[in-house]
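Text of the file work26.cif, holding mmCIF, C-alpha atoms:
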data_model
#
loop_
_atom_site.label_atom_id
_atom_site.label_comp_id
_atom_site.auth_asym_id
_atom_site.auth_seq_id
_atom_site.Cartn_x
_atom_site.Cartn_y
_atom_site.Cartn_z
CA MET F 140 111.35 34.61 116.23
CA LEU F 141 113.91 33.96 113.53
CA TYR F 142 111.21 34.34 110.94
CA PHE F 143 110.29 37.78 112.25
CA ARG F 144 113.92 38.74 112.40
CA SER F 145 114.44 37.79 108.76
CA ILE F 146 111.33 39.81 107.78
CA LYS F 147 112.64 42.79 109.70
CA GLU F 148 116.02 42.39 108.03
CA LYS F 149 114.42 42.23 104.60
CA ILE F 150 112.37 45.34 105.26
CA LEU F 151 115.41 47.24 106.49
CA THR F 152 117.63 46.17 103.59
CA SER F 153 114.97 46.94 100.99
CA LEU F 154 114.35 50.48 102.28
CA PRO F 155 116.74 52.10 99.74
CA LEU F 156 114.91 50.23 96.98
CA VAL F 157 111.57 51.41 98.30
CA LEU F 158 112.88 54.96 98.36
CA LEU F 159 114.17 54.62 94.81
CA TYR F 160 110.78 53.50 93.53
CA LEU F 161 108.90 55.98 95.70
CA PHE F 162 110.90 58.86 94.31
CA SER F 163 110.36 57.52 90.81
CA PHE F 164 106.64 57.36 91.21
CA TYR F 165 106.25 60.61 92.99
CA HIS F 166 108.37 63.71 92.72
CA PHE F 167 108.15 65.55 95.95
CA GLN F 168 107.60 69.22 95.44
CA ILE F 169 109.43 71.36 97.86
CA PRO F 170 108.45 75.02 97.87
CA GLU F 171 110.91 77.33 96.20
CA VAL F 172 112.88 79.78 98.27
CA GLY F 173 113.24 82.93 96.24
CA LYS F 174 114.28 82.48 92.63
CA ILE F 175 116.48 79.46 93.28
CA ASN F 176 114.98 76.23 94.49
CA PHE F 177 117.65 75.14 96.92
CA PHE F 178 116.01 71.85 97.62
CA ALA F 179 115.52 70.79 94.01
CA PHE F 180 118.08 68.04 93.93
CA ASN F 181 118.04 64.59 92.42
CA PHE F 182 117.68 62.22 95.32
CA GLN F 183 117.66 59.16 93.09
CA MET F 184 121.09 59.96 91.71
CA ILE F 185 122.53 60.31 95.21
CA LEU F 186 120.90 57.03 96.20
CA ILE F 187 122.13 55.17 93.10
CA TYR F 188 125.64 56.61 93.35
CA PHE F 189 125.99 55.81 97.04
CA TYR F 190 124.60 52.29 96.87
CA THR F 191 126.39 51.32 93.66
CA LEU F 192 129.61 52.58 95.19
CA LYS F 193 129.31 51.20 98.69
CA PHE F 194 126.68 48.46 98.61
CA PRO F 195 126.28 47.28 94.99
CA ASP F 196 123.83 44.55 95.94
CA GLY F 197 121.57 47.00 97.74
CA LEU F 198 119.72 48.23 94.68
CA GLY F 199 120.43 46.08 91.64
CA TYR F 200 120.77 47.29 88.05
CA GLY F 201 117.43 45.83 87.07
CA ASN F 202 115.69 47.93 89.69
CA ILE F 203 117.63 51.02 88.62
CA PHE F 204 116.57 50.38 85.04
CA LEU F 205 112.92 49.91 86.04
CA ALA F 206 112.99 52.99 88.27
CA GLY F 207 114.30 54.95 85.29
CA ILE F 208 111.49 53.66 83.08
CA ILE F 209 108.93 54.66 85.72
CA ASN F 210 110.59 58.03 86.05
CA ASP F 211 110.34 58.53 82.30
CA THR F 212 106.68 57.63 82.33
CA VAL F 213 105.92 60.01 85.17
CA LEU F 214 107.96 62.89 83.74
CA GLY F 215 106.88 62.30 80.14
CA THR F 216 110.41 62.01 78.77
CA PRO F 217 111.15 59.42 76.07
CA LEU F 218 111.07 55.90 77.49
CA GLY F 219 114.52 54.75 78.51
CA THR F 220 116.05 58.22 78.94
CA ASN F 221 116.28 58.18 82.72
CA SER F 222 117.10 54.47 82.63
CA LEU F 223 120.09 55.09 80.45
CA SER F 224 121.08 58.13 82.52
CA PHE F 225 120.90 56.13 85.76
CA LEU F 226 122.72 53.20 84.20
CA THR F 227 125.46 55.52 82.96
CA LEU F 228 125.78 56.79 86.49
CA SER F 229 125.95 53.20 87.73
CA LEU F 230 128.56 52.34 85.09
CA PHE F 231 130.74 55.26 86.05
CA THR F 232 130.30 54.51 89.76
CA ASN F 233 131.13 50.88 89.14
CA TYR F 234 134.27 51.92 87.33
CA ILE F 235 135.26 54.21 90.25
CA ARG F 236 134.64 51.39 92.69
CA ASN F 237 136.83 49.03 90.72
CA ALA F 238 139.56 51.61 90.23
CA THR F 239 139.65 52.81 93.84
CA LEU F 240 141.66 50.94 96.43
CA ARG F 241 140.86 52.93 99.55
CA SER F 242 137.63 54.83 99.89
CA ILE F 243 137.61 58.30 101.41
CA TRP F 244 134.29 60.12 101.55
CA THR F 245 135.75 63.37 100.17
CA ALA F 246 137.16 61.46 97.18
CA GLU F 247 133.79 59.82 96.69
CA TRP F 248 132.15 63.21 96.89
CA PHE F 249 134.38 64.70 94.20
CA THR F 250 134.15 61.71 91.90
CA PHE F 251 130.42 62.33 92.05
CA ILE F 252 131.05 65.36 89.78
CA PRO F 253 132.15 63.39 86.69
CA ALA F 254 129.52 60.76 87.45
CA LEU F 255 126.84 63.43 87.42
CA PHE F 256 128.38 65.02 84.37
CA PHE F 257 128.27 61.84 82.27
CA SER F 258 124.84 60.93 83.52
CA ASN F 259 123.41 64.36 82.65
CA LEU F 260 125.28 64.40 79.37
CA VAL F 261 123.56 61.19 78.29
CA TYR F 262 120.26 62.61 79.48
CA LEU F 263 120.71 65.82 77.49
CA ILE F 264 121.86 64.01 74.35
CA ILE F 265 118.78 61.80 74.37
CA ILE F 266 116.41 64.68 75.14
CA ASN F 267 117.89 66.82 72.37
CA ASN F 268 118.05 64.10 69.74
CA PHE F 269 115.12 61.82 70.49
CA SER F 270 112.43 64.26 71.59
CA ASN F 271 111.05 67.74 71.00
CA ILE F 272 111.05 68.65 74.66
CA SER F 273 112.35 72.10 75.47
CA PHE F 274 114.65 72.14 78.40
CA TYR F 275 115.70 74.63 81.06
CA TYR F 276 119.46 74.19 81.18
CA ILE F 277 119.79 76.50 84.17
CA GLU F 278 117.36 74.38 86.15
CA LEU F 279 119.30 71.22 85.26
CA LEU F 280 122.50 72.95 86.30
CA GLN F 281 120.97 74.05 89.61
CA ASN F 282 119.60 70.59 90.17
CA THR F 283 122.96 68.99 89.48
CA PHE F 284 124.79 71.48 91.66
CA PHE F 285 122.52 70.91 94.66
CA THR F 286 122.62 67.16 94.10
CA PHE F 287 126.38 67.37 94.40
CA LEU F 288 126.16 69.74 97.37
CA PHE F 289 123.79 67.58 99.40
CA PHE F 290 125.70 64.35 98.77
CA PRO F 291 127.78 64.46 102.01
CA ILE F 292 124.62 64.78 104.12
CA PHE F 293 123.03 61.74 102.51
CA HIS F 294 126.35 59.92 102.51
CA TYR F 295 126.39 60.30 106.28
CA ILE F 296 122.72 59.30 106.67
CA PHE F 297 123.03 56.22 104.44
CA SER F 298 126.30 55.17 106.10
CA GLN F 299 124.72 55.41 109.52
CA TYR F 300 121.69 53.51 108.31
CA GLN F 301 123.81 50.71 106.84
CA ARG F 302 125.83 50.57 110.04
CA LEU F 303 122.58 50.23 111.97
CA ILE F 304 121.40 47.39 109.72
CA SER F 305 124.67 45.51 110.02
CA ARG F 306 124.45 45.78 113.82
CA GLU F 307 120.96 44.34 113.75
CA MET W 6 150.55 54.38 77.99
CA ALA W 7 149.23 51.20 76.45
CA ASP W 8 149.11 49.63 79.90
CA ASN W 9 147.04 52.48 81.22
CA ARG W 10 144.61 52.18 78.34
CA ASP W 11 144.41 48.44 78.93
CA ASP W 12 143.67 49.01 82.64
CA PHE W 13 140.95 51.45 81.75
CA LEU W 14 139.38 49.06 79.25
CA ILE W 15 139.57 46.20 81.70
CA ALA W 16 137.93 48.29 84.41
CA ILE W 17 135.17 49.42 82.04
CA ARG W 18 134.59 45.92 80.76
CA TYR W 19 134.52 44.65 84.32
CA ALA W 20 132.05 47.36 85.28
CA LEU W 21 129.85 46.60 82.29
CA LEU W 22 129.80 42.87 82.36
CA LYS W 23 130.32 41.83 85.94
CA LYS W 24 127.18 40.85 87.78
CA GLY W 25 127.05 40.98 91.54
CA ALA W 26 125.94 38.07 93.65
CA LYS W 27 122.36 39.30 93.62
CA GLN W 28 122.37 40.97 90.19
CA LYS W 29 120.31 39.29 87.50
CA PHE W 30 121.32 41.55 84.66
CA SER W 31 124.60 43.07 83.67
CA LEU W 32 124.93 46.79 83.10
CA PHE W 33 125.87 46.17 79.51
CA PHE W 34 122.65 44.31 78.86
CA LEU W 35 120.50 46.94 80.55
CA ILE W 36 122.23 49.81 78.76
CA LEU W 37 121.66 48.07 75.46
CA LEU W 38 118.04 47.50 76.45
CA SER W 39 117.61 51.18 77.26
CA ILE W 40 119.13 52.25 73.99
CA GLY W 41 116.92 49.75 72.22
CA ILE W 42 113.79 51.10 73.91
CA ILE W 43 114.73 54.68 73.05
CA THR W 44 115.41 53.78 69.43
CA VAL W 45 112.25 51.75 68.99
CA ASP W 46 110.23 54.48 70.70
CA LYS W 47 111.68 57.01 68.32
CA LEU W 48 111.55 55.02 65.09
CA THR W 49 108.33 53.06 65.43
CA PRO W 50 106.05 54.97 67.80
CA GLN W 51 102.99 53.12 66.45
CA ILE W 52 104.33 49.87 67.95
CA THR W 53 105.37 51.29 71.32
CA HIS W 54 102.31 53.51 71.68
CA PRO W 55 99.86 50.87 73.05
CA ILE W 56 102.52 49.44 75.38
CA LYS W 57 103.44 52.92 76.49
CA GLY W 58 99.76 53.69 77.08
CA MET W 59 99.31 50.67 79.32
CA LEU W 60 102.52 51.46 81.15
CA ASN W 61 101.43 55.07 81.61
CA ASP W 62 98.07 54.01 83.05
CA LEU W 63 99.71 51.64 85.47
CA VAL W 64 102.43 54.04 86.55
CA TYR W 65 100.06 56.99 86.88
CA HIS W 66 97.76 55.02 89.15
CA VAL W 67 100.63 53.85 91.30
CA SER W 68 101.96 57.39 91.26
CA VAL W 69 98.62 58.68 92.51
CA VAL W 70 98.69 56.11 95.31
CA SER W 71 102.29 56.90 96.18
CA SER W 72 101.48 60.59 96.32
CA GLN W 73 98.93 60.01 99.08
CA PRO W 74 101.42 60.27 101.95
CA SER W 75 102.59 63.56 100.58
CA LYS W 76 99.02 64.72 100.14
CA LEU W 77 98.30 63.58 103.66
CA ARG W 78 101.32 65.51 104.86
CA LYS W 79 100.10 68.60 103.03
CA TYR W 80 96.60 68.07 104.37
CA ILE W 81 97.90 67.67 107.92
CA ALA W 82 100.09 70.75 107.50
CA GLN W 83 97.17 72.77 106.15
CA GLU W 84 94.84 71.54 108.86
CA THR W 85 97.43 72.29 111.52
CA ILE W 86 97.86 75.79 110.15
CA LYS W 87 94.07 76.15 110.04
CA HIS W 88 93.83 74.86 113.60
CA TYR W 89 96.35 77.38 114.84
CA ASP W 90 94.64 80.08 112.80
CA VAL W 91 91.36 79.19 114.46
CA ILE W 92 93.03 79.23 117.88
CA GLY W 93 94.54 82.61 117.09
CA GLU W 94 91.24 83.88 115.76
CA ASN W 95 89.46 82.55 118.80
CA LYS W 96 91.88 84.34 121.10
CA PHE W 97 91.47 87.51 119.08
CA LEU W 98 87.68 87.20 119.09
CA LYS W 99 87.64 86.57 122.82
CA LYS W 100 89.68 89.71 123.32
CA GLU W 101 87.38 91.57 120.97
CA ILE W 102 84.31 90.31 122.84
CA GLU W 103 85.86 91.44 126.11
CA PHE W 104 86.65 94.77 124.57
CA LEU W 105 83.14 95.09 123.10
CA LYS W 106 81.58 94.12 126.42
CA LYS W 107 83.59 96.83 128.08
CA GLN W 108 82.58 99.19 125.31
CA LYS W 109 78.97 98.16 125.77
CA PHE W 110 79.13 98.92 129.47
CA ASN W 111 80.91 102.11 128.69
CA ASN W 112 78.27 102.99 126.11
CA ALA W 113 75.50 102.17 128.54
CA TYR W 114 77.14 104.35 131.11
CA LEU W 115 77.64 107.15 128.61
CA SER W 116 74.06 106.77 127.45
CA THR W 117 72.78 107.05 131.00
CA GLU W 118 75.03 109.98 131.64
CA ASN W 119 73.87 111.55 128.42
CA GLN W 120 70.25 111.10 129.45
CA LEU W 121 70.97 112.68 132.76
CA LEU W 122 72.72 115.56 131.08
CA LYS W 123 69.81 115.93 128.69
CA ASN W 124 67.43 116.00 131.61
CA ALA W 125 69.57 118.59 133.27
CA LEU W 126 69.62 120.58 130.05
CA ASP W 127 65.86 120.22 129.69
CA LEU W 128 65.54 121.60 133.17
CA SER W 129 67.54 124.62 132.27
CA ILE W 130 65.90 125.12 128.86
CA ILE W 131 62.29 124.13 129.38
CA LYS W 132 61.87 125.24 132.93
CA GLY W 133 64.13 128.11 132.20
CA PHE W 134 66.31 129.10 135.04
CA ASP W 135 66.32 132.76 135.52
CA GLN W 136 69.67 132.64 133.95
CA ASP W 137 72.14 134.68 135.63
CA PHE W 138 73.79 131.39 135.98
CA SER W 139 73.12 127.70 135.37
CA ILE W 140 75.59 124.92 134.98
CA SER W 141 75.49 121.15 135.02
CA ALA W 142 77.85 119.33 137.31
CA LYS W 143 78.66 115.76 138.04
CA VAL W 144 78.46 114.25 141.50
CA ILE W 145 81.88 112.85 142.19
CA LEU W 146 81.35 111.82 145.78
CA ASP W 147 78.45 111.62 148.17
CA GLN W 148 79.35 112.14 151.76
CA SER W 149 76.93 110.61 154.17
CA SER W 150 78.44 111.04 157.57
CA PRO W 151 76.43 111.35 160.79
CA PHE W 152 77.41 115.01 160.87
CA LEU W 153 77.02 116.10 157.31
CA LYS W 154 74.80 115.04 154.42
CA SER W 155 76.53 116.46 151.39
CA LEU W 156 77.59 115.87 147.82
CA LEU W 157 80.82 116.78 146.10
CA LEU W 158 80.54 118.24 142.61
CA ASN W 159 83.17 118.37 139.89
CA LYS W 160 82.70 122.09 139.31
CA GLY W 161 84.15 124.84 141.41
CA THR W 162 85.15 128.48 141.31
CA LYS W 163 86.85 127.83 138.00
CA ASP W 164 83.33 127.40 136.59
CA VAL W 165 82.07 130.42 138.53
CA ILE W 166 80.24 128.43 141.19
CA LYS W 167 79.68 130.43 144.33
CA ARG W 168 78.67 129.69 147.85
CA GLY W 169 74.92 129.79 148.40
CA MET W 170 73.95 128.59 144.92
CA THR W 171 71.15 126.03 144.78
CA VAL W 172 71.42 122.59 143.33
CA PHE W 173 68.67 120.74 141.48
CA SER W 174 68.39 117.15 140.36
CA ASN W 175 65.62 116.05 138.01
CA ASP W 176 63.65 119.25 138.65
CA TYR W 177 63.79 118.79 142.39
CA LEU W 178 65.71 120.88 144.85
CA MET W 179 68.60 119.03 146.40
CA GLY W 180 70.42 121.55 148.48
CA THR W 181 72.78 124.52 148.44
CA ILE W 182 76.47 125.04 147.82
CA ILE W 183 78.27 125.50 151.11
CA GLU W 184 81.86 125.18 150.08
CA THR W 185 83.64 126.06 146.87
CA ASN W 186 87.07 125.10 145.73
CA TYR W 187 88.85 125.80 142.47
CA LEU W 188 87.74 122.55 140.83
CA THR W 189 85.12 121.16 143.21
CA SER W 190 82.29 122.27 145.43
CA ARG W 191 80.23 120.82 148.24
CA VAL W 192 76.46 120.70 148.35
CA LEU W 193 74.63 120.67 151.66
CA LEU W 194 71.63 118.43 151.14
CA LEU W 195 68.15 119.28 152.32
CA THR W 196 68.30 116.21 154.51
CA ASP W 197 71.15 117.66 156.57
CA LEU W 198 70.41 118.95 160.04
CA ASN W 199 71.75 122.37 159.09
CA SER W 200 69.46 122.77 156.10
CA LYS W 201 66.49 125.07 156.60
CA ILE W 202 64.30 126.47 153.81
CA PRO W 203 60.98 128.38 153.94
CA VAL W 204 58.14 126.33 152.44
CA ILE W 205 54.41 126.35 151.94
CA ILE W 206 52.10 123.33 152.09
CA GLU W 207 49.90 122.45 149.10
CA ASN W 208 46.34 123.87 149.14
CA THR W 209 47.00 125.79 152.32
CA ASN W 210 48.55 129.08 153.18
CA ILE W 211 50.57 127.59 155.99
CA ASN W 212 54.18 128.70 155.97
CA ALA W 213 56.84 126.68 157.66
CA ILE W 214 60.53 125.90 157.66
CA LEU W 215 61.60 122.57 156.22
CA GLU W 216 64.41 121.20 158.31
CA GLY W 217 66.62 118.22 157.65
CA THR W 218 66.95 115.43 160.13
CA GLY W 219 69.62 113.35 158.47
CA LYS W 220 67.03 111.01 156.97
CA LYS W 221 65.57 111.51 153.54
CA GLN W 222 62.33 109.78 154.53
CA ASN W 223 61.79 111.87 157.60
CA LEU W 224 62.14 115.63 157.32
CA ARG W 225 60.64 118.06 159.76
CA LEU W 226 58.48 121.11 159.41
CA GLY W 227 59.29 123.81 161.89
CA TYR W 228 57.42 126.89 162.89
CA LEU W 229 54.01 125.43 162.11
CA PRO W 230 50.93 127.02 163.67
CA GLU W 231 49.83 125.47 166.92
CA ASN W 232 47.39 122.54 166.68
CA TYR W 233 48.04 122.16 162.99
CA ILE W 234 47.85 118.55 161.89
CA ILE W 235 49.77 117.65 158.81
CA GLU W 236 47.71 115.83 156.21
CA PRO W 237 49.14 113.08 154.09
CA ASN W 238 49.89 113.29 150.35
CA LYS W 239 50.48 117.00 150.29
CA ILE W 240 53.23 118.54 148.24
CA ILE W 241 55.48 121.03 149.95
CA PHE W 242 56.74 123.90 147.80
CA THR W 243 59.24 126.61 148.39
CA SER W 244 57.57 129.77 149.59
CA GLY W 245 60.15 132.17 148.31
CA LYS W 246 60.07 134.04 151.57
CA ASP W 247 63.84 134.04 151.84
CA GLY W 248 63.97 136.14 148.73
CA PHE W 249 66.39 133.78 147.15
CA LEU W 250 64.46 130.74 145.98
CA THR W 251 61.54 131.21 143.63
CA ALA W 252 58.23 130.33 145.19
CA GLY W 253 56.53 127.12 144.06
CA ILE W 254 59.49 124.80 143.61
CA PRO W 255 58.31 121.31 144.71
CA VAL W 256 60.58 120.08 147.47
CA ALA W 257 58.91 117.39 149.54
CA GLU W 258 55.70 115.52 150.17
CA THR W 259 53.83 114.17 153.14
CA TYR W 260 53.07 110.47 153.34
CA ILE W 261 51.72 107.85 155.72
CA SER W 262 54.29 105.37 156.89
CA LYS W 263 53.71 101.69 157.52
CA LYS W 264 53.17 102.50 161.15
CA ASN W 265 50.35 104.91 160.17
CA LYS W 266 52.34 107.97 161.07
CA ILE W 267 52.64 110.96 158.82
CA PHE W 268 56.14 111.75 157.67
CA ILE W 269 57.73 114.15 155.22
CA ARG W 270 60.08 112.96 152.54
CA LEU W 271 62.05 114.63 149.77
CA LEU W 272 60.70 114.40 146.23
CA GLY W 273 64.15 113.92 144.81
CA ASP W 274 66.48 111.22 146.02
CA PRO W 275 69.87 112.74 146.81
CA ASP W 276 71.45 109.31 146.86
CA GLN W 277 70.54 108.80 143.20
CA ALA W 278 71.81 112.14 142.00
CA VAL W 279 74.51 111.76 139.38
CA ILE W 280 74.22 114.93 137.35
CA VAL W 281 72.93 118.02 139.02
CA ASN W 282 72.18 121.53 137.93
CA VAL W 283 73.74 124.37 139.84
CA THR W 284 71.87 127.64 139.57
CA ASN W 285 71.83 130.98 141.21
CA GLY W 286 68.74 129.74 142.95
CA GLN W 287 65.71 130.65 140.95
CA ILE W 288 63.53 128.88 138.45
CA LYS W 289 61.39 130.93 136.10
CA LYS W 290 57.83 129.64 136.10
#
This structure in structure tokens:
Amino acid sequence: MLYFRSIKEKILTSLPLVLLYLFSFYHFQIPEVGKINFFAFNFQMILIYFYTLKFPDGLGYGNIFLAGIINDTVLGTPLGTNSLSFLTLSLFTNYIRNATLRSIWTAEWFTFIPALFFSNLVYLIIINNFSNISFYYIELLQNTFFTFLFFPIFHYIFSQYQRLISRE
Amino acid sequence: MADNRDDFLIAIRYALLKKGAKQKFSLFFLILLSIGIITVDKLTPQITHPIKGMLNDLVYHVSVVSSQPSKLRKYIAQETIKHYDVIGENKFLKKEIEFLKKQKFNNAYLSTENQLLKNALDLSIIKGFDQDFSISAKVILDQSSPFLKSLLLNKGTKDVIKRGMTVFSNDYLMGTIIETNYLTSRVLLLTDLNSKIPVIIENTNINAILEGTGKKQNLRLGYLPENYIIEPNKIIFTSGKDGFLTAGIPVAETYISKKNKIFIRLLGDPDQAVIVNVTNGQIKK
């Protein structure tokens, strides 16, 4: 019984990791609504930001790095680009976590803006200097904006999920 | 100011170097590793190319596998849409079949009606009514009461139908108009008790009056010569003695019943009349 419980616990705690890898391997295509794709947001960034901020042991930097590498391979960007972008996000988030005494979700939401900014900045620098890939800046901007916009929803979902796990 | 900068540096250093309880690598190490990979990939692509190729193959295959749930979702969504489309189509087709069946019945009815009208028209064209007047009318009601054997037609005084006009169905005399209204008229059938027309029997010169009895299989011949025995299978024609009906219109026939009795029956069946021809009473031979 205890054995099964520990398996269940492991499965539940590793779900964010599974999601991180799943979204690295496969980019879900959501149909566009009009000219703007409202649902084109970066789920991985939300996941990394939330878990690095609230539950740093939930994902692990090694996994974030590997997920980035996989993401690069799938997207065809230079190897290490997404890894470095994700790690920058983790670094910034780690810094916020260390600098913050009391966490309020609105503060976490707004600190997501500079985190996203630095992460995307690193991404753009590498793309522009280490590859010949043309880039749609508007799309990146839209993506970043909706990633920021949807953060509270996922913040709530992940919080509830973690609360559920801790109860178990 | 210097304190603030020191705090910032400490926090950054802490963020970079500190490993969690379950962390195997520090952020600093991984960032350096990423930068290293990017640099090597950029500077010496010939070295990283085979490794990258293997990595690509592996990741692509896993990516294909990981995309299966999404494909399944799409497949299920498509199949569900198809299913509902088929249901919708089925409903539509069922309705269409119902509609077409109704149309078919309607067509059949119209075709029959058309045939009847054609027949009626043939009667007026080929046989050639002595056309002061001839019009086709539809039987809208057949009244078969013990007192009156009659039909109601959908033509009346509006269509210049007058009392006393004769009505034919499929070349056979049916009766006469006894009542006219603006839009309808009533036909007194030959089978009615009140119907009496002068007739002549086939291959004889015997004149008589054909009287209705209320039964289409049993009419009566009045005013026959004494001791005259009616023979079976003789056609009874109009004699034209009334000066109204043309002589030689076939009206009835004699026949032997199952009980070996000779009866007279009408050639036309008034019960089957749907379209009739109303004339001023005469058919040109």
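As for CA of Leu223 (chain F) and CA of Ile252 (chain F), they are spaced 17.7 Å apart.
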Contacts between chain W and chain F, please, where a residue of chain F counts if it comes within 9 Å (with all atoms listed in the file); show its shortest atom pair and distance in Å to one decimal, rows by chain and ascending number, as CSV.
residue,atom,partner,partner_atom,distance
F:Leu161,CA,W:Ser71,CA,6.7
F:Ser163,CA,W:Ser68,CA,8.4
F:Phe164,CA,W:Ser68,CA,4.7
F:Tyr165,CA,W:Ser68,CA,5.6
F:His166,CA,W:Ser72,CA,8.4
F:Phe167,CA,W:Ser75,CA,7.5
F:Pro195,CA,W:Gly25,CA,7.2
F:Asp196,CA,W:Lys27,CA,5.9
F:Gly197,CA,W:Lys27,CA,8.8
F:Leu198,CA,W:Gln28,CA,8.9
F:Gly199,CA,W:Gln28,CA,5.7
F:Tyr200,CA,W:Leu32,CA,6.5
F:Gly201,CA,W:Phe30,CA,6.3
F:Phe204,CA,W:Leu35,CA,6.9
F:Ile208,CA,W:Ser39,CA,8.8
F:Ile209,CA,W:Val64,CA,6.6
F:Thr212,CA,W:Asn61,CA,5.9
F:Val213,CA,W:Tyr65,CA,6.8
F:Pro217,CA,W:Ile43,CA,6.7
F:Leu218,CA,W:Ile43,CA,5.9
F:Gly219,CA,W:Ser39,CA,4.9
F:Thr220,CA,W:Ile43,CA,7.0
F:Asn221,CA,W:Ser39,CA,9.0
F:Ser222,CA,W:Ser39,CA,6.3
F:Leu223,CA,W:Ser39,CA,5.6
F:Leu226,CA,W:Ile36,CA,6.4
F:Thr227,CA,W:Ile36,CA,7.8
F:Ser229,CA,W:Leu32,CA,8.0
F:Leu230,CA,W:Ala20,CA,6.1
F:Phe231,CA,W:Ala20,CA,8.0
F:Thr232,CA,W:Ala20,CA,8.6
F:Asn233,CA,W:Ala20,CA,5.3
F:Tyr234,CA,W:Ala20,CA,5.5
F:Ile235,CA,W:Ala16,CA,8.7
F:Arg236,CA,W:Ala20,CA,8.8
F:Asn237,CA,W:Ala16,CA,6.4
F:Ala238,CA,W:Ala16,CA,6.9
F:Ile265,CA,W:Ile43,CA,8.3
F:Phe269,CA,W:Lys47,CA,6.3
F:Ser270,CA,W:Lys47,CA,8.0
For this session: Just give me the residues with any atom within 6 Å of (130.9, 63.2, 97.9), file coordinates, counting only C-alpha atoms, written as a ChimeraX atom specification.
Result: /F:244-245,247-249,251,290-291
Store the residues picked out above, limited to C-alpha atoms, as a PDB file, in the coordinates of the input.
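File selection25.pdb, as written:
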ATOM      1  CA  TRP F 244     134.290  60.120 101.550  1.00  0.00           C
ATOM      2  CA  THR F 245     135.750  63.370 100.170  1.00  0.00           C
ATOM      3  CA  GLU F 247     133.790  59.820  96.690  1.00  0.00           C
ATOM      4  CA  TRP F 248     132.150  63.210  96.890  1.00  0.00           C
ATOM      5  CA  PHE F 249     134.380  64.700  94.200  1.00  0.00           C
ATOM      6  CA  PHE F 251     130.420  62.330  92.050  1.00  0.00           C
ATOM      7  CA  PHE F 290     125.700  64.350  98.770  1.00  0.00           C
ATOM      8  CA  PRO F 291     127.780  64.460 102.010  1.00  0.00           C
TER       9      PRO F 291
END
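CA of Lys154 (chain W) lies 14.4 Å from CA of Leu178 (chain W).
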For this session: Around the point (84.1, 120.5, 142.0), in the coordinates given by the file, pick out the residues reaching within 7 Å, counting only C-alpha atoms, and return them as number ranges by chain.
Result: W: 157-161, 186, 188-190
Problem set entry | Who sits within 9 Å of Leu271 (chain W), only C-alpha atoms, same chain under 5 positions skipped, as a PyMOL selection string | chain W and resi 177-179+195-196+221-224+256-259
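Applied to this file, the PyMOL selection byres ((chain F and resi 141-157) around 8) selects Met140, Leu158, Leu159, Tyr160, Leu161, Leu186, Gly197, Leu198, Asn202, Ile304 and Glu307 of chain F.
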Keeping only C-alpha atoms, take the residues you just selected and write them out as a tab-separated table (two decimals), keeping the file's coordinate frame.
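File written: again_6.tsv
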chain	number	residue	atom	x	y	z
F	140	MET	CA	111.35	34.61	116.23
F	158	LEU	CA	112.88	54.96	98.36
F	159	LEU	CA	114.17	54.62	94.81
F	160	TYR	CA	110.78	53.50	93.53
F	161	LEU	CA	108.90	55.98	95.70
F	186	LEU	CA	120.90	57.03	96.20
F	197	GLY	CA	121.57	47.00	97.74
F	198	LEU	CA	119.72	48.23	94.68
F	202	ASN	CA	115.69	47.93	89.69
F	304	ILE	CA	121.40	47.39	109.72
F	307	GLU	CA	120.96	44.34	113.75
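Relative to CA of Leu194 (chain W), CA of Leu156 (chain W) is found at 7.3 Å.
With all atoms listed in the file as the atoms that count, the minimum distance from Asn210 (chain F) to the choices F:Phe162, F:Ala246, F:Ile296, F:Lys193 is reached by F:Phe162.
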Problem set entry | region 230-239 of chain W environment, 9 Å, only C-alpha atoms, sequence neighbours closer than 5 positions dropped, as JSON, numbers by chain | {"W": [206, 207, 208, 211, 212, 213, 257, 258, 259, 260, 261, 267, 268, 269]}
Got a sec: who's within 9 Å of Val204 (chain W), counting all atoms listed in the file, leaving out chain neighbours fewer than 2 positions off, as a short mmCIF file (atom, residue, chain, number, x, y, z; two decimals) with C-alpha atoms, in the frame of the given file?
data_model
loop_
_atom_site.label_atom_id
_atom_site.label_comp_id
_atom_site.auth_asym_id
_atom_site.auth_seq_id
_atom_site.Cartn_x
_atom_site.Cartn_y
_atom_site.Cartn_z
CA ILE W 202 64.30 126.47 153.81
CA ILE W 206 52.10 123.33 152.09
CA ILE W 211 50.57 127.59 155.99
CA ASN W 212 54.18 128.70 155.97
CA ALA W 213 56.84 126.68 157.66
CA ILE W 214 60.53 125.90 157.66
CA LEU W 215 61.60 122.57 156.22
CA LEU W 226 58.48 121.11 159.41
CA ILE W 241 55.48 121.03 149.95
CA PHE W 242 56.74 123.90 147.80
CA THR W 243 59.24 126.61 148.39
CA SER W 244 57.57 129.77 149.59
CA GLY W 245 60.15 132.17 148.31
CA LYS W 246 60.07 134.04 151.57
CA ALA W 252 58.23 130.33 145.19
CA GLY W 253 56.53 127.12 144.06
CA VAL W 256 60.58 120.08 147.47
#
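For the residues F:Phe274, F:Phe189, F:Tyr262, F:Phe225, ranking by smallest atom-to-atom distance to Tyr295 (chain F) using all atoms listed in the file places F:Phe189 first.
Among the candidates W:Ala82, W:Leu229, W:Leu198, W:Leu77, the residue lying nearest to Glu216 (chain W) is W:Leu198 (atoms considered: all atoms listed in the file).
Residues matched by the PyMOL selection byres ((chain F and resi 181-184) around 7) in this file: Leu159, Phe162, Ala179, Phe180, Ile185, Leu186, Ile187, Tyr188, Asn282 and Thr286 of chain F.
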